[in-house]
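What follows is a short report on a single structure.
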Amino acid sequence: MSEIRVRMAPSPSGFLHVGTARTTIYNYLFARHHQGKFILRIEDTDVSRSSQEMIDAILDSMRWLGLDWDEGPYYQSQRTLLYQKYAQKLLETKKAYFCFCTKQELDEKKKQAVASKGDWKYDRTCLALSNEEKEEKIRKGAPKAIRLLVPEGETVFSDIVYGELKKENKELEDLVILRSDGTPTYNFACVVDDVEMKISHVIRGNDHIANTFKQVLIYEALGLTPPHFAHIPLILAKDRTKMSKRHGAVSIGEYREEGFLREALVNYITLLGWSPKDDREILSIDQMIELFSLEGVNPANPIFDKEKLEWMNGEYIRSYDNEKLLDLLFPFLIKENLITEEMVRQKRDWLLRFVSLLKERCKTLKEFAEKGKYFFAFDYQYEPTAVSKHFNSAEAAKTLDIFVDRLSKLDSFEKQKIEETLRNLATDMGTKPAPLIHMVRLATTGTTAGPGLFDILEFLGKEEVVKRIKKAVEFIHKI
RNA sequence: GUCCCCAUCGUCUAGCCCGGUCUAGGACACCGCCCUUUCACGGCGGCGACACCGGUUCAAAUCCGGUUGGGGACGCCA
């Protein structure tokens, strides 16, 4: 087979959507698997809907995901002449024709058709124009678009995921390939570029199947062989409709901000519609590159399951070493005002301990900041239900008082010493350690869940622990 | 409405192309139990699916047809 060349062609009218991300990933994996080229092309023929900000945001997300491209980005908006040249060719071979119909005329006809029969297709008014009529219109400077002349028959192509796909040409209308302003429409620019860029495989969402018939028609009019096509199923939201804003996060950037790891995101998204055929689920990029095949793509639309993504993210978090995790964590801790740039440099070892205390318990990076807040700030409220359970007597205050007294006499604040102190106290008071542990946890963290208490106390340090417990004693007295 | 596509546990999927090895496997979620100072992690177990109806066949999750359900496309947007 000749060189494998695939492309991703986002239109810069929004952020990088998870669906687009998956298409990108599949293109990327396919290219890398075959040692081919992955090309990036920006489909910005509709200038009014495109912006440099969106382009930057999309590229930024792609880079973050690790999806590096070999060529591009190419911008369709800079290639207008090329499309015009191709359109001219079709005009000359009578495979396309000028259309002078205005938007208003078309809308009107369409409205009437819908009102009566319900079906509308361009009626070829301008194809029927005589040469004199055409020249007259051109001389008057009437805006003219170019339409493809769809021949009789049927259009067929073989799809790697869906098999043979077929459509009667009478279902298709003579589509506009060049707008009256001289810019190409999507289908035309797409074909021209895929030809010019020698794209061997077009891998895109199955919402493009209807376009593919039109594009195949364009290839045929141009006398060219179409590339291979692979349409991949659409990712649906929980309610089985296309993922959109109202379903929550849909852009890669949002997942990044929520604290998902790029590896987890890529891994999860890849498995949405593709499987390595065995029971493995945690796969590195290299493994996915090695195993990926378009034939293995499931043709049914998958539903995006954020819970499973969270599980997978947790798996990755646990597998990362603390150093790596901490580096990823800084922006989240800083954003929540838990640490400063200064602390990042000066208290790295201490922060590494913080990471190890929470990494078993967090599914996203953001959760470190949420669940670990009390390690940095003594501004929490005691959980009300826990208060009634663990701070429910004067006895509790007294016990805490004795405990804090014994703690302050310790000359070493290592967790073994702390644990010994607490257990001895329990013995002295004739109780089990557990109730005492719960009480101290509530006093020093405000909550009932978290890392092992002795780890927490050691991490906080004597001074802080003493301060927090004394405050709790005051609190209990005030109840 | 017209056209195209899809259909295995609630979800992601293996199996389907090349019918028997499937009393349908794994994972997430959920529910128990174990570990344990709590939470989490980990371990063990449980719940749970071939949409329906016909046909082909000795035999169908696997092949064919229909029904139902779901999705997508119908722009001088991409």
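Convention: chains lettered A, B, ... in structure tokens order; per-chain residue numbering from 1; ligands numbered from 1 as shown.
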Pick out each residue of segment 1-158 of chain A that DSSP on the backbone tags as helix (DSSP H, G or I); I need them as a PyMOL selection string.
-> chain A and resi 18-33+47-49+52-65+76-78+80-92+103-116+131-139
Counting only C-alpha atoms (C1' of nucleotides), chain A residues within 7 Å of chain B, as a short mmCIF file (atom, residue, chain, number, x, y, z; two decimals) with all heavy atoms, in the first residue's frame:
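Below you can see out19.cif, which holds the result:
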data_model
loop_
_atom_site.label_atom_id
_atom_site.label_comp_id
_atom_site.auth_asym_id
_atom_site.auth_seq_id
_atom_site.Cartn_x
_atom_site.Cartn_y
_atom_site.Cartn_z
N SER A 11 -13.25 22.47 12.47
CA SER A 11 -13.65 23.82 12.09
C SER A 11 -13.61 24.63 13.37
O SER A 11 -14.07 24.20 14.41
CB SER A 11 -15.05 23.82 11.49
OG SER A 11 -16.02 23.77 12.50
N GLY A 118 -43.69 18.68 1.02
CA GLY A 118 -42.80 18.37 2.12
C GLY A 118 -41.39 18.02 1.67
O GLY A 118 -40.50 17.87 2.47
N ALA A 145 -23.26 31.40 -7.97
CA ALA A 145 -22.61 30.30 -7.26
C ALA A 145 -22.39 29.19 -8.28
O ALA A 145 -22.87 29.28 -9.41
CB ALA A 145 -23.51 29.81 -6.13
N GLU A 171 -31.84 11.14 -4.59
CA GLU A 171 -32.03 11.67 -3.24
C GLU A 171 -31.17 12.90 -3.02
O GLU A 171 -31.33 13.62 -2.04
CB GLU A 171 -31.62 10.62 -2.20
CG GLU A 171 -32.40 9.31 -2.24
CD GLU A 171 -33.82 9.49 -1.77
OE1 GLU A 171 -34.10 10.51 -1.10
OE2 GLU A 171 -34.67 8.63 -2.09
N VAL A 176 -24.20 23.21 -3.96
CA VAL A 176 -23.32 24.34 -4.26
C VAL A 176 -21.90 23.94 -3.88
O VAL A 176 -21.67 23.42 -2.78
CB VAL A 176 -23.74 25.58 -3.46
CG1 VAL A 176 -22.69 26.69 -3.55
CG2 VAL A 176 -25.08 26.10 -3.97
N ARG A 179 -19.44 29.23 -3.42
CA ARG A 179 -20.43 30.24 -3.09
C ARG A 179 -20.31 31.43 -4.03
O ARG A 179 -19.29 31.59 -4.69
CB ARG A 179 -20.23 30.74 -1.65
CG ARG A 179 -20.36 29.66 -0.62
CD ARG A 179 -20.26 30.26 0.79
NE ARG A 179 -20.21 29.21 1.77
CZ ARG A 179 -19.12 28.85 2.46
NH1 ARG A 179 -17.98 29.51 2.27
NH2 ARG A 179 -19.16 27.87 3.32
N SER A 180 -21.33 32.25 -4.01
CA SER A 180 -21.30 33.41 -4.90
C SER A 180 -20.19 34.39 -4.53
O SER A 180 -19.78 35.20 -5.34
CB SER A 180 -22.67 34.12 -4.88
OG SER A 180 -23.12 34.26 -3.57
N TYR A 186 -18.01 23.45 2.27
CA TYR A 186 -17.31 22.39 2.98
C TYR A 186 -16.98 21.17 2.12
O TYR A 186 -15.83 20.74 2.02
CB TYR A 186 -18.13 21.96 4.20
CG TYR A 186 -17.70 20.62 4.74
CD1 TYR A 186 -16.49 20.49 5.42
CD2 TYR A 186 -18.48 19.48 4.54
CE1 TYR A 186 -16.06 19.25 5.88
CE2 TYR A 186 -18.06 18.25 5.00
CZ TYR A 186 -16.86 18.14 5.66
OH TYR A 186 -16.44 16.93 6.10
N ASP A 207 -21.65 11.33 11.36
CA ASP A 207 -22.58 12.39 10.95
C ASP A 207 -22.17 12.93 9.57
O ASP A 207 -22.88 13.72 8.97
CB ASP A 207 -22.63 13.52 11.98
CG ASP A 207 -21.26 14.04 12.39
OD1 ASP A 207 -20.26 13.32 12.16
OD2 ASP A 207 -21.19 15.13 12.94
N ALA A 210 -23.67 11.25 5.15
CA ALA A 210 -24.45 11.90 4.10
C ALA A 210 -23.56 12.77 3.21
O ALA A 210 -23.76 12.85 2.00
CB ALA A 210 -25.57 12.73 4.71
N LEU A 272 -13.98 4.01 23.92
CA LEU A 272 -15.38 4.27 23.61
C LEU A 272 -15.59 3.93 22.14
O LEU A 272 -15.45 4.77 21.27
CB LEU A 272 -15.64 5.76 23.86
CG LEU A 272 -16.88 6.22 24.61
CD1 LEU A 272 -17.23 5.34 25.79
CD2 LEU A 272 -16.71 7.66 25.04
N LYS A 277 -9.90 -6.26 22.15
CA LYS A 277 -10.41 -7.64 22.00
C LYS A 277 -10.06 -8.58 23.14
O LYS A 277 -10.45 -9.73 23.12
CB LYS A 277 -9.95 -8.28 20.68
CG LYS A 277 -10.26 -7.47 19.43
CD LYS A 277 -11.74 -7.37 19.16
CE LYS A 277 -12.01 -6.59 17.88
NZ LYS A 277 -13.32 -5.97 17.86
N ASP A 278 -9.31 -8.09 24.10
CA ASP A 278 -9.12 -8.93 25.28
C ASP A 278 -9.63 -8.12 26.47
O ASP A 278 -10.31 -7.12 26.28
CB ASP A 278 -7.66 -9.35 25.44
CG ASP A 278 -6.71 -8.15 25.43
OD1 ASP A 278 -7.15 -7.06 25.85
OD2 ASP A 278 -5.57 -8.29 25.00
N ASP A 279 -9.26 -8.51 27.68
CA ASP A 279 -9.84 -7.83 28.82
C ASP A 279 -9.05 -6.63 29.32
O ASP A 279 -9.37 -6.07 30.36
CB ASP A 279 -10.04 -8.83 29.97
CG ASP A 279 -11.11 -9.85 29.60
OD1 ASP A 279 -11.95 -9.54 28.73
OD2 ASP A 279 -11.10 -10.95 30.17
N PRO A 299 -19.62 -0.28 15.34
CA PRO A 299 -20.46 0.67 14.59
C PRO A 299 -21.59 1.31 15.40
O PRO A 299 -22.23 2.24 14.93
CB PRO A 299 -21.02 -0.18 13.45
CG PRO A 299 -20.97 -1.58 13.95
CD PRO A 299 -19.79 -1.66 14.86
N ALA A 300 -21.84 0.84 16.61
CA ALA A 300 -22.93 1.40 17.40
C ALA A 300 -22.47 2.63 18.18
O ALA A 300 -21.31 2.72 18.57
CB ALA A 300 -23.47 0.36 18.35
N ASP A 305 -19.66 7.82 29.61
CA ASP A 305 -19.92 7.49 31.01
C ASP A 305 -18.84 8.11 31.88
O ASP A 305 -17.75 7.58 32.02
CB ASP A 305 -19.93 5.96 31.17
CG ASP A 305 -20.22 5.52 32.60
OD1 ASP A 305 -20.48 6.40 33.45
OD2 ASP A 305 -20.19 4.32 32.86
N GLU A 307 -18.56 8.40 34.99
CA GLU A 307 -18.14 7.63 36.17
C GLU A 307 -17.00 6.69 35.85
O GLU A 307 -16.10 6.48 36.64
CB GLU A 307 -19.32 6.84 36.74
CG GLU A 307 -20.23 7.71 37.58
CD GLU A 307 -21.36 6.93 38.21
OE1 GLU A 307 -21.63 5.80 37.75
OE2 GLU A 307 -21.95 7.44 39.16
N LYS A 308 -17.08 6.10 34.68
CA LYS A 308 -15.99 5.19 34.31
C LYS A 308 -14.71 5.97 34.02
O LYS A 308 -13.62 5.51 34.32
CB LYS A 308 -16.39 4.32 33.12
CG LYS A 308 -15.35 3.28 32.81
CD LYS A 308 -15.90 2.05 32.14
CE LYS A 308 -14.79 1.01 31.99
NZ LYS A 308 -15.26 -0.26 31.43
N GLU A 360 -4.56 7.79 47.09
CA GLU A 360 -5.44 6.62 47.06
C GLU A 360 -6.91 7.03 47.08
O GLU A 360 -7.79 6.21 46.90
CB GLU A 360 -5.21 5.75 48.30
CG GLU A 360 -3.81 5.21 48.45
CD GLU A 360 -3.56 4.02 47.55
OE1 GLU A 360 -4.23 3.00 47.76
OE2 GLU A 360 -2.73 4.13 46.63
N ARG A 361 -7.13 8.29 47.42
CA ARG A 361 -8.50 8.73 47.68
C ARG A 361 -9.07 9.69 46.66
O ARG A 361 -10.20 10.13 46.79
CB ARG A 361 -8.55 9.39 49.06
CG ARG A 361 -8.52 8.40 50.20
CD ARG A 361 -8.07 9.05 51.50
NE ARG A 361 -6.76 8.54 51.87
CZ ARG A 361 -6.58 7.50 52.67
NH1 ARG A 361 -7.61 6.93 53.26
NH2 ARG A 361 -5.39 7.05 52.92
N ALA A 434 -10.85 3.51 69.15
CA ALA A 434 -11.66 4.03 68.04
C ALA A 434 -12.43 5.32 68.33
O ALA A 434 -12.32 6.29 67.58
CB ALA A 434 -12.59 2.94 67.53
N ILE A 437 -10.18 8.19 68.46
CA ILE A 437 -9.65 8.50 67.14
C ILE A 437 -10.65 9.35 66.34
O ILE A 437 -10.28 10.36 65.73
CB ILE A 437 -9.31 7.20 66.37
CG1 ILE A 437 -8.05 6.57 66.99
CG2 ILE A 437 -9.12 7.47 64.89
CD1 ILE A 437 -7.70 5.20 66.47
N HIS A 438 -11.89 8.95 66.39
CA HIS A 438 -12.92 9.70 65.64
C HIS A 438 -13.02 11.13 66.15
O HIS A 438 -13.16 12.08 65.38
CB HIS A 438 -14.29 9.02 65.80
CG HIS A 438 -14.34 7.65 65.18
ND1 HIS A 438 -13.81 7.39 63.95
CD2 HIS A 438 -14.84 6.48 65.64
CE1 HIS A 438 -13.99 6.10 63.67
NE2 HIS A 438 -14.60 5.52 64.69
N THR A 448 -15.09 13.31 58.95
CA THR A 448 -14.96 11.95 59.48
C THR A 448 -14.23 11.01 58.53
O THR A 448 -13.98 9.87 58.87
CB THR A 448 -16.35 11.35 59.76
OG1 THR A 448 -17.09 11.34 58.54
CG2 THR A 448 -17.11 12.14 60.80
N ALA A 449 -13.96 11.51 57.35
CA ALA A 449 -13.30 10.65 56.37
C ALA A 449 -11.94 11.20 56.00
O ALA A 449 -11.71 12.41 56.06
CB ALA A 449 -14.16 10.54 55.11
N GLY A 450 -11.03 10.34 55.64
CA GLY A 450 -9.73 10.81 55.21
C GLY A 450 -8.63 9.82 55.51
O GLY A 450 -8.90 8.68 55.88
#
Hey, what's within 9 Å of Asp401 of chain A if we count only C-alpha atoms (C1' of nucleotides) and toss same-chain stuff fewer than 6 positions away? As a PyMOL selection string, please?
-> chain A and resi 469-470+473
Leaving out Glu254 of chain A and any residue of its chain fewer than 2 positions from it, which residues lie within 12 Å of it when counting only C-alpha atoms (C1' of nucleotides), given as a VMD selection string?
-> chain A and resid 15 to 18 57 61 245 248 to 252 256 to 262 265 366
Near-Asp44 of chain A list (8 Å; only C-alpha atoms (C1' of nucleotides); drop same-chain fewer than 4 positions) as a PyMOL selection string = chain A and resi 11-12+49-50+75-77
Take the residues just selected and output them with N, CA, C and O atoms as a compact mmCIF listing (two decimals), in the first residue's frame.
# COMPACT_ATOMS: atom_id res chain seq x y z
N SER A 11 -13.25 22.47 12.47
CA SER A 11 -13.65 23.82 12.09
C SER A 11 -13.61 24.63 13.37
O SER A 11 -14.07 24.20 14.41
N PRO A 12 -12.99 25.79 13.30
CA PRO A 12 -12.75 26.56 14.52
C PRO A 12 -13.97 27.32 15.00
O PRO A 12 -13.94 28.53 15.18
N ARG A 49 -17.54 32.47 11.03
CA ARG A 49 -17.66 31.59 12.19
C ARG A 49 -16.30 31.17 12.76
O ARG A 49 -16.25 30.35 13.66
N SER A 50 -15.26 31.69 12.18
CA SER A 50 -13.94 31.26 12.61
C SER A 50 -13.23 32.36 13.37
O SER A 50 -13.39 33.52 13.09
N TYR A 75 -4.62 26.07 6.34
CA TYR A 75 -5.85 26.85 6.52
C TYR A 75 -6.58 26.93 5.19
O TYR A 75 -6.03 27.43 4.21
N GLN A 76 -7.80 26.46 5.18
CA GLN A 76 -8.56 26.50 3.94
C GLN A 76 -8.81 27.92 3.46
O GLN A 76 -8.91 28.18 2.26
N SER A 77 -8.91 28.83 4.41
CA SER A 77 -9.19 30.21 4.02
C SER A 77 -8.06 30.79 3.17
O SER A 77 -8.25 31.80 2.50
Residue among A:Ile177, A:Val156, A:Val47, A:Ala369 lying closest to Tyr97 of chain A, counting only C-alpha atoms |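 Of A:Ile177, A:Val156, A:Val47, A:Ala369, the one nearest Tyr97 of chain A is A:Ile177, counting only C-alpha atoms.
Going from atom C1' of U62 of chain B over to atom CA of Gly273 of chain A, you cover 20.0 Å.
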Identify, on the basis of only C-alpha atoms (C1' of nucleotides), every residue whose closest approach to C16 of chain B does not exceed 12 Å; exclude the query and any residue fewer than 2 positions from it along the same chain; express the result as an mmCIF file with all heavy atoms, in the first residue's frame.
data_model
loop_
_atom_site.group_PDB
_atom_site.id
_atom_site.type_symbol
_atom_site.label_atom_id
_atom_site.label_comp_id
_atom_site.auth_asym_id
_atom_site.auth_seq_id
_atom_site.Cartn_x
_atom_site.Cartn_y
_atom_site.Cartn_z
ATOM 1 N N ASN A 298 -16.425 -0.443 16.790
ATOM 2 C CA ASN A 298 -17.816 -0.862 16.929
ATOM 3 C C ASN A 298 -18.734 0.152 16.232
ATOM 4 O O ASN A 298 -18.647 1.338 16.512
ATOM 5 C CB ASN A 298 -18.115 -0.916 18.434
ATOM 6 C CG ASN A 298 -19.460 -1.509 18.755
ATOM 7 O OD1 ASN A 298 -20.374 -1.473 17.933
ATOM 8 N ND2 ASN A 298 -19.593 -2.057 19.937
ATOM 9 P P U B 8 -26.600 -3.729 21.623
ATOM 10 O OP1 U B 8 -27.702 -2.885 22.090
ATOM 11 O OP2 U B 8 -25.281 -3.175 21.488
ATOM 12 O "O5'" U B 8 -26.546 -5.001 22.586
ATOM 13 C "C5'" U B 8 -27.596 -5.963 22.508
ATOM 14 C "C4'" U B 8 -27.230 -7.094 23.408
ATOM 15 O "O4'" U B 8 -26.120 -7.829 22.848
ATOM 16 C "C3'" U B 8 -26.733 -6.663 24.775
ATOM 17 O "O3'" U B 8 -27.810 -6.420 25.648
ATOM 18 C "C2'" U B 8 -25.919 -7.879 25.197
ATOM 19 O "O2'" U B 8 -26.767 -8.915 25.624
ATOM 20 C "C1'" U B 8 -25.275 -8.283 23.867
ATOM 21 N N1 U B 8 -23.944 -7.664 23.677
ATOM 22 C C2 U B 8 -22.868 -8.285 24.269
ATOM 23 O O2 U B 8 -22.980 -9.295 24.946
ATOM 24 N N3 U B 8 -21.655 -7.683 24.048
ATOM 25 C C4 U B 8 -21.419 -6.550 23.318
ATOM 26 O O4 U B 8 -20.280 -6.142 23.206
ATOM 27 C C5 U B 8 -22.583 -5.952 22.748
ATOM 28 C C6 U B 8 -23.781 -6.510 22.942
ATOM 29 P P A B 14 -16.498 -5.094 21.155
ATOM 30 O OP1 A B 14 -15.485 -4.854 20.113
ATOM 31 O OP2 A B 14 -17.926 -5.084 20.814
ATOM 32 O "O5'" A B 14 -16.136 -6.459 21.884
ATOM 33 C "C5'" A B 14 -14.801 -6.661 22.370
ATOM 34 C "C4'" A B 14 -14.648 -8.057 22.890
ATOM 35 O "O4'" A B 14 -15.406 -8.221 24.103
ATOM 36 C "C3'" A B 14 -15.170 -9.161 21.991
ATOM 37 O "O3'" A B 14 -14.267 -9.423 20.939
ATOM 38 C "C2'" A B 14 -15.252 -10.314 22.979
ATOM 39 O "O2'" A B 14 -13.983 -10.879 23.222
ATOM 40 C "C1'" A B 14 -15.729 -9.599 24.251
ATOM 41 N N9 A B 14 -17.170 -9.730 24.444
ATOM 42 C C8 A B 14 -18.165 -8.817 24.228
ATOM 43 N N7 A B 14 -19.377 -9.254 24.507
ATOM 44 C C5 A B 14 -19.146 -10.552 24.936
ATOM 45 C C6 A B 14 -20.005 -11.575 25.377
ATOM 46 N N6 A B 14 -21.325 -11.430 25.461
ATOM 47 N N1 A B 14 -19.455 -12.755 25.740
ATOM 48 C C2 A B 14 -18.132 -12.903 25.663
ATOM 49 N N3 A B 14 -17.219 -12.028 25.262
ATOM 50 C C4 A B 14 -17.802 -10.858 24.901
ATOM 51 P P C B 18 -18.460 -15.461 6.640
ATOM 52 O OP1 C B 18 -17.054 -15.297 6.292
ATOM 53 O OP2 C B 18 -19.431 -15.744 5.561
ATOM 54 O "O5'" C B 18 -18.631 -16.590 7.739
ATOM 55 C "C5'" C B 18 -18.498 -17.983 7.430
ATOM 56 C "C4'" C B 18 -17.724 -18.655 8.526
ATOM 57 O "O4'" C B 18 -16.345 -18.251 8.383
ATOM 58 C "C3'" C B 18 -18.145 -18.201 9.930
ATOM 59 O "O3'" C B 18 -19.049 -19.095 10.579
ATOM 60 C "C2'" C B 18 -16.865 -18.139 10.705
ATOM 61 O "O2'" C B 18 -16.661 -19.269 11.545
ATOM 62 C "C1'" C B 18 -15.763 -18.132 9.641
ATOM 63 N N1 C B 18 -14.914 -16.937 9.703
ATOM 64 C C2 C B 18 -13.899 -16.899 10.685
ATOM 65 O O2 C B 18 -13.803 -17.853 11.468
ATOM 66 N N3 C B 18 -13.087 -15.832 10.748
ATOM 67 C C4 C B 18 -13.247 -14.820 9.870
ATOM 68 N N4 C B 18 -12.408 -13.802 9.984
ATOM 69 C C5 C B 18 -14.270 -14.830 8.874
ATOM 70 C C6 C B 18 -15.066 -15.901 8.824
ATOM 71 P P G B 19 -20.116 -20.005 10.043
ATOM 72 O OP1 G B 19 -19.778 -20.578 8.740
ATOM 73 O OP2 G B 19 -21.248 -19.063 10.181
ATOM 74 O "O5'" G B 19 -20.437 -21.259 11.018
ATOM 75 C "C5'" G B 19 -20.062 -21.273 12.324
ATOM 76 C "C4'" G B 19 -20.985 -20.464 13.204
ATOM 77 O "O4'" G B 19 -22.292 -20.159 12.615
ATOM 78 C "C3'" G B 19 -21.278 -21.255 14.483
ATOM 79 O "O3'" G B 19 -21.177 -20.410 15.571
ATOM 80 C "C2'" G B 19 -22.677 -21.852 14.245
ATOM 81 O "O2'" G B 19 -23.389 -21.799 15.462
ATOM 82 C "C1'" G B 19 -23.317 -20.870 13.230
ATOM 83 N N9 G B 19 -24.108 -21.526 12.193
ATOM 84 C C8 G B 19 -23.767 -21.763 10.899
ATOM 85 N N7 G B 19 -24.716 -22.300 10.195
ATOM 86 C C5 G B 19 -25.756 -22.439 11.106
ATOM 87 C C6 G B 19 -27.054 -22.966 10.922
ATOM 88 O O6 G B 19 -27.556 -23.380 9.876
ATOM 89 N N1 G B 19 -27.774 -22.932 12.102
ATOM 90 C C2 G B 19 -27.309 -22.465 13.318
ATOM 91 N N2 G B 19 -28.142 -22.531 14.337
ATOM 92 N N3 G B 19 -26.097 -21.963 13.491
ATOM 93 C C4 G B 19 -25.402 -21.981 12.343
ATOM 94 P P C B 50 -31.913 -11.034 27.426
ATOM 95 O OP1 C B 50 -33.227 -10.738 26.811
ATOM 96 O OP2 C B 50 -31.780 -12.003 28.498
ATOM 97 O "O5'" C B 50 -30.851 -11.424 26.312
ATOM 98 C "C5'" C B 50 -31.183 -11.236 24.963
ATOM 99 C "C4'" C B 50 -30.027 -10.549 24.294
ATOM 100 O "O4'" C B 50 -28.841 -11.286 24.567
ATOM 101 C "C3'" C B 50 -30.184 -10.466 22.785
ATOM 102 O "O3'" C B 50 -29.858 -9.132 22.438
ATOM 103 C "C2'" C B 50 -29.209 -11.511 22.240
ATOM 104 O "O2'" C B 50 -28.530 -10.934 21.158
ATOM 105 C "C1'" C B 50 -28.206 -11.673 23.360
ATOM 106 N N1 C B 50 -27.633 -12.981 23.597
ATOM 107 C C2 C B 50 -26.279 -13.146 23.293
ATOM 108 O O2 C B 50 -25.684 -12.209 22.780
ATOM 109 N N3 C B 50 -25.688 -14.332 23.594
ATOM 110 C C4 C B 50 -26.374 -15.310 24.169
ATOM 111 N N4 C B 50 -25.741 -16.435 24.486
ATOM 112 C C5 C B 50 -27.763 -15.164 24.479
ATOM 113 C C6 C B 50 -28.347 -14.000 24.163
ATOM 114 P P A B 60 -31.142 -23.042 17.020
ATOM 115 O OP1 A B 60 -31.862 -22.586 18.232
ATOM 116 O OP2 A B 60 -31.819 -23.068 15.707
ATOM 117 O "O5'" A B 60 -29.778 -22.216 16.835
ATOM 118 C "C5'" A B 60 -28.920 -21.873 17.956
ATOM 119 C "C4'" A B 60 -28.530 -20.429 17.809
ATOM 120 O "O4'" A B 60 -27.980 -20.291 16.480
ATOM 121 C "C3'" A B 60 -29.747 -19.526 17.890
ATOM 122 O "O3'" A B 60 -30.011 -18.953 19.162
ATOM 123 C "C2'" A B 60 -29.575 -18.501 16.743
ATOM 124 O "O2'" A B 60 -29.154 -17.261 17.220
ATOM 125 C "C1'" A B 60 -28.479 -19.097 15.889
ATOM 126 N N9 A B 60 -28.865 -19.373 14.488
ATOM 127 C C8 A B 60 -30.041 -19.778 13.955
ATOM 128 N N7 A B 60 -30.016 -19.927 12.646
ATOM 129 C C5 A B 60 -28.721 -19.572 12.307
ATOM 130 C C6 A B 60 -28.031 -19.513 11.082
ATOM 131 N N6 A B 60 -28.574 -19.813 9.911
ATOM 132 N N1 A B 60 -26.744 -19.117 11.112
ATOM 133 C C2 A B 60 -26.185 -18.815 12.278
ATOM 134 N N3 A B 60 -26.737 -18.845 13.489
ATOM 135 C C4 A B 60 -28.004 -19.236 13.425
ATOM 136 P P A B 61 -28.969 -18.491 20.274
ATOM 137 O OP1 A B 61 -27.791 -19.350 20.318
ATOM 138 O OP2 A B 61 -29.908 -18.484 21.405
ATOM 139 O "O5'" A B 61 -28.457 -17.004 20.024
ATOM 140 C "C5'" A B 61 -29.198 -15.881 20.457
ATOM 141 C "C4'" A B 61 -28.471 -14.620 20.070
ATOM 142 O "O4'" A B 61 -27.345 -14.435 20.969
ATOM 143 C "C3'" A B 61 -27.863 -14.654 18.679
ATOM 144 O "O3'" A B 61 -28.789 -14.161 17.738
ATOM 145 C "C2'" A B 61 -26.661 -13.721 18.813
ATOM 146 O "O2'" A B 61 -27.044 -12.361 18.735
ATOM 147 C "C1'" A B 61 -26.209 -14.008 20.249
ATOM 148 N N9 A B 61 -25.203 -15.048 20.346
ATOM 149 C C8 A B 61 -25.349 -16.303 20.866
ATOM 150 N N7 A B 61 -24.246 -17.017 20.842
ATOM 151 C C5 A B 61 -23.315 -16.168 20.274
ATOM 152 C C6 A B 61 -21.960 -16.330 19.973
ATOM 153 N N6 A B 61 -21.281 -17.438 20.208
ATOM 154 N N1 A B 61 -21.312 -15.292 19.402
ATOM 155 C C2 A B 61 -22.005 -14.181 19.152
ATOM 156 N N3 A B 61 -23.290 -13.902 19.387
ATOM 157 C C4 A B 61 -23.896 -14.950 19.964
ATOM 158 P P U B 62 -28.540 -14.313 16.185
ATOM 159 O OP1 U B 62 -29.624 -13.646 15.488
ATOM 160 O OP2 U B 62 -28.192 -15.738 15.845
ATOM 161 O "O5'" U B 62 -27.235 -13.447 16.035
ATOM 162 C "C5'" U B 62 -26.595 -13.262 14.785
ATOM 163 C "C4'" U B 62 -25.151 -13.672 14.861
ATOM 164 O "O4'" U B 62 -24.933 -14.536 15.998
ATOM 165 C "C3'" U B 62 -24.693 -14.451 13.635
ATOM 166 O "O3'" U B 62 -23.775 -13.644 12.919
ATOM 167 C "C2'" U B 62 -24.055 -15.718 14.161
ATOM 168 O "O2'" U B 62 -22.773 -15.928 13.616
ATOM 169 C "C1'" U B 62 -23.931 -15.460 15.660
ATOM 170 N N1 U B 62 -24.056 -16.645 16.501
ATOM 171 C C2 U B 62 -22.892 -17.348 16.792
ATOM 172 O O2 U B 62 -21.806 -17.027 16.350
ATOM 173 N N3 U B 62 -23.069 -18.436 17.609
ATOM 174 C C4 U B 62 -24.241 -18.871 18.167
ATOM 175 O O4 U B 62 -24.230 -19.848 18.902
ATOM 176 C C5 U B 62 -25.402 -18.090 17.812
ATOM 177 C C6 U B 62 -25.271 -17.026 17.006
ATOM 178 P P C B 63 -24.410 -12.516 11.946
ATOM 179 O OP1 C B 63 -23.227 -11.787 11.439
ATOM 180 O OP2 C B 63 -25.506 -11.775 12.592
ATOM 181 O "O5'" C B 63 -25.050 -13.366 10.759
ATOM 182 C "C5'" C B 63 -24.231 -13.869 9.704
ATOM 183 C "C4'" C B 63 -25.118 -14.525 8.687
ATOM 184 O "O4'" C B 63 -25.601 -15.783 9.229
ATOM 185 C "C3'" C B 63 -26.398 -13.755 8.384
ATOM 186 O "O3'" C B 63 -26.169 -12.754 7.420
ATOM 187 C "C2'" C B 63 -27.300 -14.856 7.858
ATOM 188 O "O2'" C B 63 -26.985 -15.194 6.537
ATOM 189 C "C1'" C B 63 -26.934 -16.013 8.787
ATOM 190 N N1 C B 63 -27.808 -16.110 9.972
ATOM 191 C C2 C B 63 -29.136 -16.514 9.773
ATOM 192 O O2 C B 63 -29.532 -16.749 8.630
ATOM 193 N N3 C B 63 -29.950 -16.612 10.849
ATOM 194 C C4 C B 63 -29.494 -16.337 12.070
ATOM 195 N N4 C B 63 -30.330 -16.469 13.103
ATOM 196 C C5 C B 63 -28.145 -15.920 12.291
ATOM 197 C C6 C B 63 -27.345 -15.822 11.225
#
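Taking atom CA of Gly205 of chain A as the reference point, atom CA of Trp64 of chain A is found at 21.7 Å.
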All residues 9 Å or closer to Lys363 of chain A, only C-alpha atoms (C1' of nucleotides), same chain fewer than 5 positions away omitted, as a list in words =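 The residues that qualify are Gly259, Phe260, Glu310, Trp311, Met312, Asn313, Gly314, Glu315, Tyr316, Ile317, Arg318 and Phe368 of chain A.
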